[in-house]
Structure formats: structure tokens, C-alpha cells
Amino acid sequence: MAKMISQAGEMTVQLKEITPDGSNLIMVGQMGVWDSQIVVPPHEILAIMCLMLRPKVILFLVLAPFRALLHWSKRPGAPTN
């Protein structure tokens with residue numbers, strides 16, 4: 001689960017769904033104990049895409065499935081061959 005960290009403290013963030021709604025992107029989830037929606041207008045979608053297309057981020061995303069598998073295989077009770 002993701003975590004939002006600020007000077008006010010920490011709050012868990014769980015993203016449950018991302019769906020288009022007209023020209024906006026709606027991210028539905030939970031922040032702490034509150035159900036929430038984040039409405040992202042078109043110009044912000046473009047800004048997010050530009051941030052995501054940085055080489056370090058692309059490399060991180062390419063390697064993420066392998067890190068997840070490695071983490072999963074090291075958990076207690078994981079199957080071994």
C-alpha cells in the first residue's frame with residue numbers, strides 16, 4: 001500500500017480504480033479511512049505523462065515486476081524448489 005508523507009504525518013493511500021470520465025481521469029481510492037476521488041483534468045494528465053517518461057522512471061517501471069517477484073519469493077512461506 002502506498003503512503004503519503006507530509007509534515008502533518010503519514011497516511012496510507014490505496015488506489016482502487018482509474019477510469020475516464022468525459023475529458024477527466026478519475027482515480028478512486030482511499031486515503032487513510034476516507035474514501036476519495038482524485039479528478040485529473042487533461043492538462044494535468046499531460047504533465048503526469050511527461051514526468052513518467054523520464055529515463056529513471058521508465059527503468060524503474062521496467063524493473064518493477066522483477067522486484068515484485070523477488071520480494072514475493074523471499075516472503076515467509078513462499079514455495080521453494
# chains A, B, ... in the order shown; residues from 1 in each chain; ligands from 1
>>> select_by_dssp(residues="range 2-81 of chain A", states="strand (DSSP E)", output="PyMOL selection string")
chain A and resi 2-6+9-21+24-31+34-40
>>> write_last_selection(atoms="N, CA and C atoms", output="compact mmCIF listing (two decimals), in the first residue's frame")
# COMPACT_ATOMS: atom_id res chain seq x y z
N ALA A 2 0.50 2.22 -0.77
CA ALA A 2 1.27 3.46 -0.84
C ALA A 2 1.08 4.27 0.43
N LYS A 3 1.99 5.19 0.65
CA LYS A 3 1.94 6.01 1.85
C LYS A 3 2.19 7.46 1.45
N MET A 4 1.35 8.37 1.93
CA MET A 4 1.56 9.79 1.72
C MET A 4 2.20 10.34 2.99
N ILE A 5 3.33 10.99 2.82
CA ILE A 5 4.08 11.51 3.96
C ILE A 5 4.13 13.03 3.85
N SER A 6 3.76 13.70 4.94
CA SER A 6 3.82 15.16 4.98
C SER A 6 4.23 15.59 6.39
N GLY A 9 2.07 14.25 9.08
CA GLY A 9 2.15 12.83 9.42
C GLY A 9 2.09 11.95 8.20
N GLU A 10 1.75 10.68 8.42
CA GLU A 10 1.67 9.70 7.35
C GLU A 10 0.24 9.21 7.20
N MET A 11 -0.14 8.90 5.95
CA MET A 11 -1.46 8.38 5.68
C MET A 11 -1.35 7.35 4.56
N THR A 12 -1.98 6.20 4.75
CA THR A 12 -1.97 5.20 3.69
C THR A 12 -2.88 5.65 2.56
N VAL A 13 -2.49 5.29 1.35
CA VAL A 13 -3.24 5.62 0.15
C VAL A 13 -3.41 4.33 -0.64
N GLN A 14 -4.66 3.97 -0.90
CA GLN A 14 -4.93 2.76 -1.67
C GLN A 14 -5.72 3.16 -2.91
N LEU A 15 -5.15 2.94 -4.09
CA LEU A 15 -5.80 3.24 -5.35
C LEU A 15 -6.58 2.01 -5.78
N LYS A 16 -7.89 2.15 -5.99
CA LYS A 16 -8.74 1.01 -6.32
C LYS A 16 -9.15 0.97 -7.78
N GLU A 17 -9.24 2.14 -8.41
CA GLU A 17 -9.73 2.18 -9.79
C GLU A 17 -9.29 3.47 -10.45
N ILE A 18 -8.99 3.38 -11.74
CA ILE A 18 -8.73 4.56 -12.55
C ILE A 18 -9.64 4.44 -13.77
N THR A 19 -10.43 5.47 -14.00
CA THR A 19 -11.39 5.40 -15.10
C THR A 19 -11.56 6.77 -15.75
N PRO A 20 -11.77 6.79 -17.07
CA PRO A 20 -12.03 8.08 -17.72
C PRO A 20 -13.46 8.53 -17.46
N ASP A 21 -13.67 9.85 -17.37
CA ASP A 21 -14.99 10.42 -17.21
C ASP A 21 -15.02 11.71 -18.02
N ASN A 24 -11.82 14.03 -18.21
CA ASN A 24 -11.02 13.87 -16.99
C ASN A 24 -10.69 12.40 -16.74
N LEU A 25 -9.69 12.19 -15.92
CA LEU A 25 -9.34 10.86 -15.43
C LEU A 25 -9.71 10.85 -13.95
N ILE A 26 -10.45 9.84 -13.53
CA ILE A 26 -10.89 9.74 -12.15
C ILE A 26 -10.13 8.60 -11.48
N MET A 27 -9.45 8.92 -10.38
CA MET A 27 -8.76 7.90 -9.59
C MET A 27 -9.55 7.73 -8.29
N VAL A 28 -10.08 6.53 -8.09
CA VAL A 28 -10.91 6.23 -6.93
C VAL A 28 -10.08 5.42 -5.96
N GLY A 29 -10.16 5.76 -4.70
CA GLY A 29 -9.39 5.01 -3.72
C GLY A 29 -9.75 5.40 -2.31
N GLN A 30 -8.77 5.21 -1.45
CA GLN A 30 -8.96 5.51 -0.04
C GLN A 30 -7.70 6.18 0.47
N MET A 31 -7.88 7.28 1.18
CA MET A 31 -6.78 7.96 1.85
C MET A 31 -7.03 7.85 3.34
N TRP A 34 -10.70 7.53 4.73
CA TRP A 34 -11.67 8.24 3.90
C TRP A 34 -11.66 7.73 2.46
N ASP A 35 -12.85 7.43 1.93
CA ASP A 35 -12.99 7.16 0.51
C ASP A 35 -12.73 8.46 -0.22
N SER A 36 -12.08 8.38 -1.37
CA SER A 36 -11.72 9.62 -2.07
C SER A 36 -11.72 9.42 -3.57
N GLN A 37 -11.83 10.53 -4.27
CA GLN A 37 -11.68 10.57 -5.72
C GLN A 37 -10.71 11.70 -6.04
N ILE A 38 -9.82 11.40 -6.96
CA ILE A 38 -8.93 12.44 -7.48
C ILE A 38 -9.35 12.66 -8.92
N VAL A 39 -9.72 13.87 -9.25
CA VAL A 39 -10.14 14.22 -10.61
C VAL A 39 -8.96 14.90 -11.29
N VAL A 40 -8.48 14.29 -12.39
CA VAL A 40 -7.31 14.80 -13.09
C VAL A 40 -7.75 15.35 -14.45
>>> select_by_dssp(residues="range 9-70 of chain A", states="alpha helix (DSSP H)", output="list in words")
Pro42, His43, Glu44, Ile45, Leu46, Ala47, Ile48, Met49, Cys50, Leu51, Met52, Pro55, Lys56, Val57, Ile58, Leu59, Phe60, Leu61, Val62, Leu63, Ala64, Pro65, Phe66, Arg67, Ala68, Leu69 and Leu70 of chain A
>>> write_last_selection(atoms="N, CA and C atoms", output="compact mmCIF listing (two decimals), in the first residue's frame")
# COMPACT_ATOMS: atom_id res chain seq x y z
N PRO A 42 -7.35 17.19 -18.27
CA PRO A 42 -6.45 16.85 -19.38
C PRO A 42 -5.05 17.45 -19.29
N HIS A 43 -4.93 18.73 -18.91
CA HIS A 43 -3.59 19.33 -18.86
C HIS A 43 -2.72 18.69 -17.79
N GLU A 44 -3.33 18.21 -16.72
CA GLU A 44 -2.57 17.53 -15.67
C GLU A 44 -2.17 16.12 -16.11
N ILE A 45 -3.01 15.48 -16.92
CA ILE A 45 -2.67 14.15 -17.45
C ILE A 45 -1.40 14.25 -18.28
N LEU A 46 -1.33 15.28 -19.12
CA LEU A 46 -0.14 15.50 -19.94
C LEU A 46 1.08 15.75 -19.06
N ALA A 47 0.93 16.54 -18.01
CA ALA A 47 2.05 16.82 -17.10
C ALA A 47 2.52 15.54 -16.41
N ILE A 48 1.58 14.69 -15.99
CA ILE A 48 1.94 13.42 -15.36
C ILE A 48 2.67 12.53 -16.34
N MET A 49 2.20 12.48 -17.59
CA MET A 49 2.86 11.66 -18.61
C MET A 49 4.30 12.13 -18.84
N CYS A 50 4.49 13.44 -18.86
CA CYS A 50 5.86 13.97 -19.04
C CYS A 50 6.76 13.58 -17.88
N LEU A 51 6.23 13.60 -16.66
CA LEU A 51 7.02 13.18 -15.50
C LEU A 51 7.34 11.69 -15.57
N MET A 52 6.41 10.90 -16.07
CA MET A 52 6.59 9.44 -16.13
C MET A 52 7.57 9.02 -17.23
N PRO A 55 13.89 8.90 -18.04
CA PRO A 55 14.61 7.62 -18.11
C PRO A 55 14.65 6.85 -16.80
N LYS A 56 14.88 7.52 -15.66
CA LYS A 56 14.93 6.81 -14.38
C LYS A 56 13.60 6.15 -14.04
N VAL A 57 12.51 6.83 -14.37
CA VAL A 57 11.18 6.30 -14.08
C VAL A 57 10.88 5.12 -14.99
N ILE A 58 11.21 5.25 -16.27
CA ILE A 58 10.98 4.15 -17.21
C ILE A 58 11.76 2.91 -16.77
N LEU A 59 13.02 3.08 -16.40
CA LEU A 59 13.82 1.95 -15.93
C LEU A 59 13.21 1.33 -14.67
N PHE A 60 12.76 2.16 -13.75
CA PHE A 60 12.12 1.67 -12.53
C PHE A 60 10.89 0.85 -12.87
N LEU A 61 10.06 1.33 -13.80
CA LEU A 61 8.84 0.62 -14.19
C LEU A 61 9.13 -0.69 -14.91
N VAL A 62 10.18 -0.71 -15.71
CA VAL A 62 10.57 -1.94 -16.41
C VAL A 62 11.03 -2.99 -15.40
N LEU A 63 11.77 -2.56 -14.38
CA LEU A 63 12.31 -3.50 -13.38
C LEU A 63 11.31 -3.85 -12.28
N ALA A 64 10.24 -3.10 -12.15
CA ALA A 64 9.27 -3.30 -11.05
C ALA A 64 8.72 -4.72 -10.97
N PRO A 65 8.31 -5.37 -12.07
CA PRO A 65 7.79 -6.74 -11.95
C PRO A 65 8.82 -7.71 -11.39
N PHE A 66 10.08 -7.53 -11.75
CA PHE A 66 11.14 -8.42 -11.27
C PHE A 66 11.40 -8.19 -9.77
N ARG A 67 11.35 -6.92 -9.35
CA ARG A 67 11.50 -6.62 -7.91
C ARG A 67 10.34 -7.23 -7.12
N ALA A 68 9.14 -7.15 -7.68
CA ALA A 68 7.96 -7.71 -7.00
C ALA A 68 8.09 -9.23 -6.88
N LEU A 69 8.55 -9.90 -7.95
CA LEU A 69 8.75 -11.35 -7.89
C LEU A 69 9.81 -11.72 -6.87
N LEU A 70 10.90 -10.97 -6.83
CA LEU A 70 11.96 -11.23 -5.87
C LEU A 70 11.44 -11.05 -4.45
>>> decode(residues="range 27-68 of chain A", atoms="N, CA and C atoms", output="PDB file, in the first residue's frame")
ATOM      1  N   MET A  27      -9.450   8.915 -10.377  1.00  0.00           N
ATOM      2  CA  MET A  27      -8.764   7.900  -9.586  1.00  0.00           C
ATOM      3  C   MET A  27      -9.555   7.730  -8.289  1.00  0.00           C
ATOM      4  N   VAL A  28     -10.079   6.533  -8.093  1.00  0.00           N
ATOM      5  CA  VAL A  28     -10.909   6.232  -6.935  1.00  0.00           C
ATOM      6  C   VAL A  28     -10.079   5.416  -5.957  1.00  0.00           C
ATOM      7  N   GLY A  29     -10.161   5.757  -4.696  1.00  0.00           N
ATOM      8  CA  GLY A  29      -9.394   5.010  -3.719  1.00  0.00           C
ATOM      9  C   GLY A  29      -9.749   5.401  -2.309  1.00  0.00           C
ATOM     10  N   GLN A  30      -8.774   5.208  -1.451  1.00  0.00           N
ATOM     11  CA  GLN A  30      -8.963   5.506  -0.039  1.00  0.00           C
ATOM     12  C   GLN A  30      -7.705   6.183   0.474  1.00  0.00           C
ATOM     13  N   MET A  31      -7.880   7.277   1.185  1.00  0.00           N
ATOM     14  CA  MET A  31      -6.776   7.963   1.845  1.00  0.00           C
ATOM     15  C   MET A  31      -7.031   7.848   3.337  1.00  0.00           C
ATOM     16  N   GLY A  32      -6.205   7.064   3.999  1.00  0.00           N
ATOM     17  CA  GLY A  32      -6.459   6.786   5.409  1.00  0.00           C
ATOM     18  C   GLY A  32      -7.772   6.030   5.531  1.00  0.00           C
ATOM     19  N   VAL A  33      -8.703   6.579   6.274  1.00  0.00           N
ATOM     20  CA  VAL A  33     -10.007   5.940   6.452  1.00  0.00           C
ATOM     21  C   VAL A  33     -11.073   6.547   5.541  1.00  0.00           C
ATOM     22  N   TRP A  34     -10.700   7.532   4.729  1.00  0.00           N
ATOM     23  CA  TRP A  34     -11.667   8.242   3.897  1.00  0.00           C
ATOM     24  C   TRP A  34     -11.661   7.733   2.464  1.00  0.00           C
ATOM     25  N   ASP A  35     -12.855   7.432   1.934  1.00  0.00           N
ATOM     26  CA  ASP A  35     -12.986   7.157   0.511  1.00  0.00           C
ATOM     27  C   ASP A  35     -12.726   8.463  -0.224  1.00  0.00           C
ATOM     28  N   SER A  36     -12.078   8.380  -1.366  1.00  0.00           N
ATOM     29  CA  SER A  36     -11.724   9.615  -2.066  1.00  0.00           C
ATOM     30  C   SER A  36     -11.719   9.417  -3.573  1.00  0.00           C
ATOM     31  N   GLN A  37     -11.825  10.529  -4.267  1.00  0.00           N
ATOM     32  CA  GLN A  37     -11.683  10.572  -5.717  1.00  0.00           C
ATOM     33  C   GLN A  37     -10.714  11.699  -6.044  1.00  0.00           C
ATOM     34  N   ILE A  38      -9.817  11.405  -6.958  1.00  0.00           N
ATOM     35  CA  ILE A  38      -8.933  12.439  -7.476  1.00  0.00           C
ATOM     36  C   ILE A  38      -9.349  12.656  -8.919  1.00  0.00           C
ATOM     37  N   VAL A  39      -9.722  13.874  -9.255  1.00  0.00           N
ATOM     38  CA  VAL A  39     -10.140  14.217 -10.608  1.00  0.00           C
ATOM     39  C   VAL A  39      -8.955  14.898 -11.291  1.00  0.00           C
ATOM     40  N   VAL A  40      -8.483  14.287 -12.386  1.00  0.00           N
ATOM     41  CA  VAL A  40      -7.311  14.803 -13.088  1.00  0.00           C
ATOM     42  C   VAL A  40      -7.754  15.353 -14.450  1.00  0.00           C
ATOM     43  N   PRO A  41      -7.650  16.678 -14.641  1.00  0.00           N
ATOM     44  CA  PRO A  41      -8.039  17.279 -15.921  1.00  0.00           C
ATOM     45  C   PRO A  41      -6.984  17.000 -17.001  1.00  0.00           C
ATOM     46  N   PRO A  42      -7.350  17.188 -18.270  1.00  0.00           N
ATOM     47  CA  PRO A  42      -6.450  16.845 -19.385  1.00  0.00           C
ATOM     48  C   PRO A  42      -5.046  17.450 -19.289  1.00  0.00           C
ATOM     49  N   HIS A  43      -4.929  18.727 -18.911  1.00  0.00           N
ATOM     50  CA  HIS A  43      -3.593  19.334 -18.865  1.00  0.00           C
ATOM     51  C   HIS A  43      -2.719  18.693 -17.786  1.00  0.00           C
ATOM     52  N   GLU A  44      -3.332  18.207 -16.717  1.00  0.00           N
ATOM     53  CA  GLU A  44      -2.565  17.526 -15.673  1.00  0.00           C
ATOM     54  C   GLU A  44      -2.166  16.118 -16.111  1.00  0.00           C
ATOM     55  N   ILE A  45      -3.011  15.476 -16.916  1.00  0.00           N
ATOM     56  CA  ILE A  45      -2.669  14.149 -17.447  1.00  0.00           C
ATOM     57  C   ILE A  45      -1.404  14.253 -18.284  1.00  0.00           C
ATOM     58  N   LEU A  46      -1.333  15.278 -19.118  1.00  0.00           N
ATOM     59  CA  LEU A  46      -0.140  15.500 -19.941  1.00  0.00           C
ATOM     60  C   LEU A  46       1.084  15.755 -19.059  1.00  0.00           C
ATOM     61  N   ALA A  47       0.928  16.541 -18.010  1.00  0.00           N
ATOM     62  CA  ALA A  47       2.048  16.819 -17.103  1.00  0.00           C
ATOM     63  C   ALA A  47       2.517  15.536 -16.413  1.00  0.00           C
ATOM     64  N   ILE A  48       1.579  14.694 -15.990  1.00  0.00           N
ATOM     65  CA  ILE A  48       1.937  13.417 -15.355  1.00  0.00           C
ATOM     66  C   ILE A  48       2.673  12.529 -16.342  1.00  0.00           C
ATOM     67  N   MET A  49       2.199  12.477 -17.590  1.00  0.00           N
ATOM     68  CA  MET A  49       2.862  11.657 -18.608  1.00  0.00           C
ATOM     69  C   MET A  49       4.296  12.134 -18.837  1.00  0.00           C
ATOM     70  N   CYS A  50       4.495  13.443 -18.863  1.00  0.00           N
ATOM     71  CA  CYS A  50       5.856  13.973 -19.041  1.00  0.00           C
ATOM     72  C   CYS A  50       6.758  13.578 -17.877  1.00  0.00           C
ATOM     73  N   LEU A  51       6.230  13.599 -16.662  1.00  0.00           N
ATOM     74  CA  LEU A  51       7.018  13.181 -15.504  1.00  0.00           C
ATOM     75  C   LEU A  51       7.340  11.686 -15.568  1.00  0.00           C
ATOM     76  N   MET A  52       6.410  10.900 -16.070  1.00  0.00           N
ATOM     77  CA  MET A  52       6.591   9.444 -16.128  1.00  0.00           C
ATOM     78  C   MET A  52       7.571   9.016 -17.227  1.00  0.00           C
ATOM     79  N   LEU A  53       7.785   9.860 -18.231  1.00  0.00           N
ATOM     80  CA  LEU A  53       8.644   9.486 -19.354  1.00  0.00           C
ATOM     81  C   LEU A  53      10.114   9.802 -19.134  1.00  0.00           C
ATOM     82  N   ARG A  54      10.495  10.069 -17.919  1.00  0.00           N
ATOM     83  CA  ARG A  54      11.910  10.288 -17.603  1.00  0.00           C
ATOM     84  C   ARG A  54      12.629   8.941 -17.574  1.00  0.00           C
ATOM     85  N   PRO A  55      13.888   8.900 -18.041  1.00  0.00           N
ATOM     86  CA  PRO A  55      14.612   7.624 -18.115  1.00  0.00           C
ATOM     87  C   PRO A  55      14.649   6.847 -16.799  1.00  0.00           C
ATOM     88  N   LYS A  56      14.877   7.517 -15.664  1.00  0.00           N
ATOM     89  CA  LYS A  56      14.932   6.806 -14.377  1.00  0.00           C
ATOM     90  C   LYS A  56      13.596   6.153 -14.042  1.00  0.00           C
ATOM     91  N   VAL A  57      12.511   6.835 -14.370  1.00  0.00           N
ATOM     92  CA  VAL A  57      11.181   6.301 -14.077  1.00  0.00           C
ATOM     93  C   VAL A  57      10.881   5.123 -14.993  1.00  0.00           C
ATOM     94  N   ILE A  58      11.213   5.247 -16.268  1.00  0.00           N
ATOM     95  CA  ILE A  58      10.984   4.150 -17.209  1.00  0.00           C
ATOM     96  C   ILE A  58      11.760   2.911 -16.771  1.00  0.00           C
ATOM     97  N   LEU A  59      13.023   3.077 -16.404  1.00  0.00           N
ATOM     98  CA  LEU A  59      13.823   1.945 -15.929  1.00  0.00           C
ATOM     99  C   LEU A  59      13.206   1.333 -14.675  1.00  0.00           C
ATOM    100  N   PHE A  60      12.762   2.165 -13.749  1.00  0.00           N
ATOM    101  CA  PHE A  60      12.120   1.674 -12.534  1.00  0.00           C
ATOM    102  C   PHE A  60      10.887   0.846 -12.874  1.00  0.00           C
ATOM    103  N   LEU A  61      10.063   1.334 -13.802  1.00  0.00           N
ATOM    104  CA  LEU A  61       8.838   0.618 -14.185  1.00  0.00           C
ATOM    105  C   LEU A  61       9.135  -0.689 -14.906  1.00  0.00           C
ATOM    106  N   VAL A  62      10.180  -0.708 -15.713  1.00  0.00           N
ATOM    107  CA  VAL A  62      10.565  -1.945 -16.406  1.00  0.00           C
ATOM    108  C   VAL A  62      11.033  -2.994 -15.400  1.00  0.00           C
ATOM    109  N   LEU A  63      11.772  -2.565 -14.376  1.00  0.00           N
ATOM    110  CA  LEU A  63      12.308  -3.498 -13.385  1.00  0.00           C
ATOM    111  C   LEU A  63      11.312  -3.854 -12.284  1.00  0.00           C
ATOM    112  N   ALA A  64      10.235  -3.097 -12.149  1.00  0.00           N
ATOM    113  CA  ALA A  64       9.274  -3.300 -11.051  1.00  0.00           C
ATOM    114  C   ALA A  64       8.717  -4.721 -10.968  1.00  0.00           C
ATOM    115  N   PRO A  65       8.310  -5.366 -12.070  1.00  0.00           N
ATOM    116  CA  PRO A  65       7.788  -6.739 -11.945  1.00  0.00           C
ATOM    117  C   PRO A  65       8.823  -7.709 -11.386  1.00  0.00           C
ATOM    118  N   PHE A  66      10.080  -7.529 -11.753  1.00  0.00           N
ATOM    119  CA  PHE A  66      11.138  -8.416 -11.268  1.00  0.00           C
ATOM    120  C   PHE A  66      11.396  -8.190  -9.773  1.00  0.00           C
ATOM    121  N   ARG A  67      11.351  -6.918  -9.346  1.00  0.00           N
ATOM    122  CA  ARG A  67      11.498  -6.625  -7.915  1.00  0.00           C
ATOM    123  C   ARG A  67      10.344  -7.229  -7.122  1.00  0.00           C
ATOM    124  N   ALA A  68       9.138  -7.149  -7.681  1.00  0.00           N
ATOM    125  CA  ALA A  68       7.965  -7.713  -7.003  1.00  0.00           C
ATOM    126  C   ALA A  68       8.094  -9.230  -6.881  1.00  0.00           C
TER     127      ALA A  68
END
